[in-house]
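Asks: Next comes the structure file structure.txt, holding compact mmCIF, C-alpha atoms.
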```txt
# COMPACT_ATOMS: atom_id res chain seq x y z
CA MET A 1 0.00 0.00 0.00
CA TYR A 2 2.87 2.30 0.88
CA ILE A 3 4.78 1.65 -2.34
CA VAL A 4 1.77 1.79 -4.62
CA GLY A 5 0.84 5.16 -3.11
CA TYR A 6 4.29 6.44 -3.96
CA ALA A 7 3.73 5.16 -7.49
CA ILE A 8 0.72 7.48 -7.75
CA GLU A 9 2.73 10.37 -6.37
CA CYS A 10 5.59 9.71 -8.79
CA ALA A 11 3.15 9.48 -11.70
CA LEU A 12 1.66 12.84 -10.75
CA LYS A 13 5.12 14.39 -10.47
CA TRP A 14 6.05 12.89 -13.82
CA ALA A 15 2.87 14.40 -15.33
CA ILE A 16 3.89 17.79 -13.90
CA ALA A 17 7.39 17.52 -15.38
CA GLU A 18 5.95 16.45 -18.74
CA ARG A 19 3.52 19.34 -18.76
CA ARG A 20 6.29 21.83 -18.01
CA GLY A 21 8.82 20.21 -20.30
CA GLN A 22 11.21 19.77 -17.40
CA ILE A 23 13.23 16.86 -16.08
CA HIS A 24 12.82 17.73 -12.41
CA VAL A 25 9.76 18.71 -10.42
CA PRO A 26 10.05 22.28 -9.08
CA ALA A 27 11.17 22.54 -5.46
CA GLU A 28 7.83 23.99 -4.33
CA LEU A 29 6.15 20.76 -5.41
CA GLU A 30 8.46 18.46 -3.49
CA HIS A 31 5.78 17.38 -1.04
CA HIS A 32 3.12 14.69 -0.67
CA ASN A 33 -0.09 16.68 -1.08
CA TRP A 34 -1.86 14.88 -3.92
CA ASP A 35 -4.48 17.61 -4.30
CA VAL A 36 -1.84 20.21 -5.06
CA LEU A 37 0.14 17.81 -7.25
CA LEU A 38 -2.94 16.88 -9.26
CA ASN A 39 -3.75 20.53 -9.80
CA ALA A 40 -0.19 21.29 -10.91
CA SER A 41 -0.29 18.36 -13.32
CA GLY A 42 -3.25 19.91 -15.12
CA LEU A 43 -5.26 16.70 -14.76
CA THR A 44 -7.94 17.98 -12.38
CA ASN A 45 -10.60 18.61 -15.02
CA ALA A 46 -9.98 15.30 -16.74
CA LEU A 47 -10.27 13.48 -13.42
CA GLN A 48 -13.45 15.30 -12.47
CA ALA A 49 -14.92 14.25 -15.81
CA ASN A 50 -14.53 10.64 -14.65
CA PRO A 51 -16.67 10.41 -11.48
CA VAL A 52 -15.60 6.89 -10.50
CA LEU A 53 -11.88 7.61 -10.69
CA ASN A 54 -12.46 10.97 -9.06
CA ALA A 55 -14.13 9.22 -6.12
CA MET A 56 -11.26 6.73 -5.93
CA PHE A 57 -8.73 9.54 -5.96
CA SER A 58 -10.51 11.26 -3.11
CA THR A 59 -10.56 8.20 -0.87
CA LEU A 60 -6.95 7.32 -1.67
CA ALA A 61 -5.68 10.89 -1.24
CA ASP A 62 -6.96 10.83 2.34
CA HIS A 63 -5.87 7.26 2.90
CA TRP A 64 -2.26 7.50 1.80
CA ASN A 65 0.63 9.30 3.42
CA PRO A 66 4.32 8.45 3.77
CA SER A 67 3.76 7.13 7.30
CA LEU A 68 1.91 4.16 5.86
CA ARG A 69 5.22 2.33 5.77
CA TYR A 70 4.72 1.67 9.46
CA ASN A 71 1.32 0.20 8.79
CA THR A 72 1.87 -2.77 6.53
CA LEU A 73 0.15 -5.40 8.64
CA ARG A 74 -3.09 -3.64 9.43
CA TYR A 75 -5.22 -4.52 6.38
CA PRO A 76 -7.26 -7.66 5.94
CA VAL A 77 -6.42 -9.36 2.64
CA ASN A 78 -9.69 -8.47 0.88
CA GLU A 79 -9.46 -4.84 1.89
CA ALA A 80 -5.84 -4.67 0.78
CA ARG A 81 -6.72 -6.17 -2.60
CA GLY A 82 -9.58 -3.72 -3.07
CA LEU A 83 -7.40 -0.77 -2.22
CA TYR A 84 -4.57 -2.03 -4.41
CA ASN A 85 -6.95 -2.33 -7.36
CA GLN A 86 -8.06 1.25 -6.86
CA TYR A 87 -4.47 2.51 -6.65
CA ASN A 88 -3.69 0.51 -9.77
CA GLN A 89 -6.59 1.95 -11.78
CA LEU A 90 -5.64 5.46 -10.80
CA PHE A 91 -2.00 4.86 -11.67
CA ALA A 92 -2.90 3.42 -15.08
CA TRP A 93 -5.18 6.36 -15.81
CA ILE A 94 -2.50 8.95 -15.00
CA LEU A 95 -0.03 7.18 -17.28
CA GLU A 96 -2.53 6.77 -20.07
CA ILE A 97 -3.67 10.38 -20.06
CA THR A 98 -0.17 11.82 -19.71
CA ILE A 99 1.55 9.85 -22.47
CA MET B 1 -28.54 29.80 2.74
CA THR B 2 -24.76 29.73 3.13
CA PHE B 3 -22.50 27.53 1.04
CA LYS B 4 -21.92 25.19 3.97
CA GLN B 5 -25.65 24.88 4.62
CA LYS B 6 -26.24 24.03 0.97
CA VAL B 7 -23.57 21.34 1.08
CA GLU B 8 -25.00 19.91 4.31
CA LYS B 9 -28.47 19.84 2.80
CA ALA B 10 -27.23 18.07 -0.33
CA VAL B 11 -25.39 15.50 1.79
CA ARG B 12 -28.37 14.86 4.06
CA GLU B 13 -30.62 14.36 1.05
CA ALA B 14 -28.16 11.88 -0.42
CA LEU B 15 -28.06 9.76 2.73
CA PRO B 16 -30.75 7.22 3.64
CA LYS B 17 -33.57 8.71 5.68
CA GLY B 18 -32.71 9.02 9.34
CA ALA B 19 -28.97 8.55 8.86
CA SER B 20 -27.02 11.12 10.79
CA CYS B 21 -23.84 12.71 9.57
CA THR B 22 -21.22 15.33 10.31
CA VAL B 23 -20.01 17.46 7.41
CA LEU B 24 -16.60 19.08 7.58
CA LEU B 25 -15.30 21.58 5.05
CA THR B 26 -11.54 22.09 5.01
CA LYS B 27 -9.41 24.23 2.72
CA SER B 28 -7.77 22.11 0.04
CA GLY B 29 -4.72 24.27 -0.65
CA VAL B 30 -5.78 24.50 -4.30
CA ARG B 31 -7.12 27.94 -5.18
CA ASP B 32 -10.09 28.72 -2.90
CA THR B 33 -11.58 25.27 -3.03
CA VAL B 34 -12.57 23.07 -0.11
CA ILE B 35 -12.62 19.36 0.60
CA VAL B 36 -15.96 18.06 1.83
CA ARG B 37 -15.56 15.25 4.35
CA VAL B 38 -18.67 13.45 5.51
CA ILE B 39 -18.68 11.26 8.60
CA THR B 40 -21.58 8.83 8.64
CA SER B 41 -22.41 5.22 9.39
CA ALA B 42 -24.59 5.00 6.30
CA TRP B 43 -23.60 2.47 3.63
CA LYS B 44 -20.70 1.34 5.77
CA SER B 45 -20.54 -2.06 4.09
CA LEU B 46 -19.85 -0.43 0.71
CA PRO B 47 -16.37 0.46 -0.57
CA GLY B 48 -15.35 4.03 0.20
CA TYR B 49 -15.40 5.25 -3.37
CA ILE B 50 -18.97 4.04 -3.90
CA ARG B 51 -20.08 6.06 -0.88
CA VAL B 52 -18.21 9.05 -2.27
CA LEU B 53 -19.92 8.60 -5.65
CA ARG B 54 -23.36 8.71 -4.07
CA ILE B 55 -22.67 11.95 -2.25
CA GLN B 56 -20.80 13.38 -5.23
CA ASN B 57 -23.76 12.75 -7.55
CA ARG B 58 -26.20 14.40 -5.18
CA ILE B 59 -23.96 17.45 -4.81
CA ARG B 60 -23.68 17.69 -8.59
CA ASN B 61 -27.45 17.74 -8.94
CA PHE B 62 -28.16 19.99 -6.00
CA LEU B 63 -25.55 22.77 -6.09
CA SER B 64 -25.20 25.48 -8.71
CA PRO B 65 -22.17 25.26 -11.03
CA SER B 66 -20.48 28.12 -9.19
CA ASP B 67 -20.93 26.37 -5.85
CA GLN B 68 -19.69 23.09 -7.34
CA GLN B 69 -16.51 24.83 -8.42
CA LYS B 70 -15.76 25.64 -4.80
CA ILE B 71 -15.52 21.91 -4.01
CA LEU B 72 -12.31 20.18 -4.99
CA ARG B 73 -13.37 16.75 -3.83
CA VAL B 74 -15.59 14.79 -1.48
CA ASN B 75 -14.73 11.97 0.89
CA VAL B 76 -16.87 9.85 3.18
CA PHE B 77 -15.70 8.17 6.39
CA THR B 78 -17.42 5.82 8.75
CA PRO B 79 -16.93 6.88 12.38
CA ASP B 80 -14.56 3.93 12.81
CA GLN B 81 -12.44 4.99 9.85
CA LEU B 82 -12.21 8.52 11.15
CA ARG B 83 -11.37 7.33 14.63
CA GLU B 84 -8.67 5.07 13.24
CA VAL B 85 -7.09 7.85 11.24
CA ILE B 86 -7.28 10.63 13.81
CA LEU B 87 -6.79 8.77 17.05
CA HIS B 88 -4.44 6.04 16.07
CA GLY B 89 -2.91 7.52 12.97
CA VAL B 90 -0.15 5.22 11.91
CA ARG B 91 1.63 3.69 14.83
CA GLY B 92 5.35 3.30 14.79
CA THR B 93 6.38 -0.34 14.80
CA SER B 94 10.01 0.01 15.82
CA SER B 95 11.80 1.75 18.63
CA SER B 96 12.99 4.40 16.20
CA THR B 97 9.44 5.39 15.37
CA PRO B 98 7.57 5.57 18.64
CA GLY B 99 4.18 7.11 19.17
CA LYS B 100 1.72 8.17 16.54
CA THR B 101 1.94 10.12 13.35
CA VAL B 102 -1.07 11.70 11.72
CA SER B 103 -1.20 13.35 8.32
CA PRO B 104 -1.53 17.16 8.26
CA ALA B 105 -5.02 16.94 6.75
CA PHE B 106 -6.26 15.04 9.77
CA LYS B 107 -4.50 17.30 12.23
CA LYS B 108 -6.62 20.04 10.66
CA LEU B 109 -9.72 17.89 11.06
CA ALA B 110 -8.94 17.27 14.70
CA ALA B 111 -8.36 21.00 15.22
CA LYS B 112 -11.69 21.73 13.58
CA LEU B 113 -13.49 19.27 15.81
CA ARG B 114 -11.79 20.82 18.81
CA ALA B 115 -12.85 24.32 17.73
CA ALA B 116 -16.42 23.15 17.21
CA GLN B 117 -16.47 21.56 20.64
CA LEU B 118 -15.06 24.65 22.32
CA GLY B 119 -17.69 26.71 20.52
CA ARG B 120 -20.35 24.68 22.29
CA GLY B 121 -19.19 25.92 25.64
CA ALA B 122 -16.58 23.42 26.71
CA ARG B 123 -14.42 25.01 29.36
CA LYS B 124 -11.23 23.08 28.91
CA LYS B 125 -9.17 22.16 25.92
CA LEU B 126 -10.19 18.63 25.03
CA SER B 127 -7.92 15.93 23.74
CA ASN B 128 -8.56 14.45 20.32
CA GLU B 129 -9.85 11.33 22.00
CA GLU B 130 -12.37 13.23 24.11
CA LEU B 131 -13.48 15.23 21.09
CA LEU B 132 -13.96 12.20 18.98
CA LYS B 133 -15.79 10.34 21.71
CA ALA B 134 -18.26 13.22 21.80
CA ALA B 135 -18.54 13.41 18.02
CA LEU B 136 -18.84 9.66 17.62
CA ALA B 137 -21.40 9.37 20.41
CA LYS B 138 -23.52 11.87 18.53
CA ILE B 139 -23.18 9.94 15.30
CA HIS B 140 -23.78 6.55 16.91
CA LYS B 141 -27.07 7.75 18.39
CA SER B 142 -28.61 7.04 15.01
```
Written as structure tokens, how would this file's structure read?

Replies:
Amino acid sequence: MYIVGYAIECALKWAIAERRGQIHVPAELEHHNWDVLLNASGLTNALQANPVLNAMFSTLADHWNPSLRYNTLRYPVNEARGLYNQYNQLFAWILEITI
Amino acid sequence: MTFKQKVEKAVREALPKGASCTVLLTKSGVRDTVIVRVITSAWKSLPGYIRVLRIQNRIRNFLSPSDQQKILRVNVFTPDQLREVILHGVRGTSSSTPGKTVSPAFKKLAAKLRAAQLGRGARKKLSNEELLKAALAKIHKS
């Protein structure tokens, strides 16, 4: 859960760099606030046009933070699978829409 | 009717009849938008994003486009989920990470709950646990 959340964050930061034609993300965006990163990536409107993914983003944005690495044993298997699938769908969407 | 009242009305109409809820609006950090967080026991067996979708759809139908633009996103918690996140946060599992860590967004939520509680005439500064017990007791009455 921890790693897959970072995958989302990295994808968002990659989308920002792509949008700006830069290799590195600007220093002011070196944080973990997905709302701000999504906005800077220019993907907010596209996400809001997809209500299901938008709802997934909202639950995951509140669910994930870097401290999750201390939390790896807390999820029942079914819940972990469900969450992983949501992270995966969101990750795939960011890649697809950015490429 | 204020913006917050409109949001609360939309949320209450989306929920099953008789279901109680607490609606929190917090600044998102993106322009002047807010995040709507709903705490309710309704639909607790459903996945989180399905609960969000139901509220999201109702808000879309109920609020004017200009009011909708003020909302960045919506999230729905069961009282247990909120308690887990605010009270327990993510516990350290090694001696190098003792205690609890809570994300900034939920520190803001806890502060908001505290402010709301103090506004109701509480004389002392309450701990997060006391605040949540009060908030959760209210929610669990339903």

Asks: What does the distance from atom CA of His31 of chain A to atom CA of Ala7 of chain A come to in Å, to one decimal?

Replies: 14.0 Å

Asks: Atom CA of Ile55 of chain B to atom CA of Gln68 of chain B: how many Å, to one decimal?

Replies: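 Straight-line distance from atom CA of Ile55 of chain B to atom CA of Gln68 of chain B works out to 12.6 Å.
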
Asks: At a cut-off of 7 Å, using only C-alpha atoms, what residues contact Val36 of chain A? Leave out same-chain residues fewer than 3 positions from it and give the result as a PDB file with C-alpha atoms, keeping the file's coordinate frame.

Replies:
```pdb
ATOM      1  CA  ASN A  33      -0.090  16.680  -1.080  1.00  0.00           C
ATOM      2  CA  ASN A  39      -3.750  20.530  -9.800  1.00  0.00           C
ATOM      3  CA  ALA A  40      -0.190  21.290 -10.910  1.00  0.00           C
TER       4      ALA A  40
ATOM      5  CA  GLY B  29      -4.720  24.270  -0.650  1.00  0.00           C
ATOM      6  CA  VAL B  30      -5.780  24.500  -4.300  1.00  0.00           C
TER       7      VAL B  30
END
```

Asks: I'd like the contact shell of segment 7-13 of chain B - 7 Å cut-off, only C-alpha atoms, skipping same-chain residues fewer than 3 positions apart - returned as JSON, numbers by chain.

Replies: {"B": [3, 4, 23, 55, 58, 59, 62]}

Asks: How would the residues just picked look written out with C-alpha atoms as a tab-separated table (two decimals), in the coordinates of the input?

Replies:
```
chain	number	residue	atom	x	y	z
B	3	PHE	CA	-22.50	27.53	1.04
B	4	LYS	CA	-21.92	25.19	3.97
B	23	VAL	CA	-20.01	17.46	7.41
B	55	ILE	CA	-22.67	11.95	-2.25
B	58	ARG	CA	-26.20	14.40	-5.18
B	59	ILE	CA	-23.96	17.45	-4.81
B	62	PHE	CA	-28.16	19.99	-6.00
```

Asks: Residues of chain A were defined as contacting chain B if any atom lay at most 10 Å from it, counting all atoms listed in the file; please report them as a PyMOL selection string.

Replies: chain A and resi 33+35-40+44+48+51-72+74+79+82-83+86

Asks: When you look at Gly42 of chain A with a cut-off of 12 Å (counting all atoms listed in the file), what residues show up, excluding the ones that are within fewer than 3 positions of it in the same chain? I need them as a VMD selection string.

Replies: chain A and resid 12 to 20 35 to 39 45 to 48 94 97 to 98

Asks: By how many Å are atom CA of Tyr87 of chain A and atom CA of Val4 of chain A apart?

Replies: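 Interatomic distance here is 6.6 Å.
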
Asks: Which one is closest to Leu43 of chain A: A:Leu90, A:Ile23, A:Met1, A:Val77? Count only C-alpha atoms.

Replies: A:Leu90
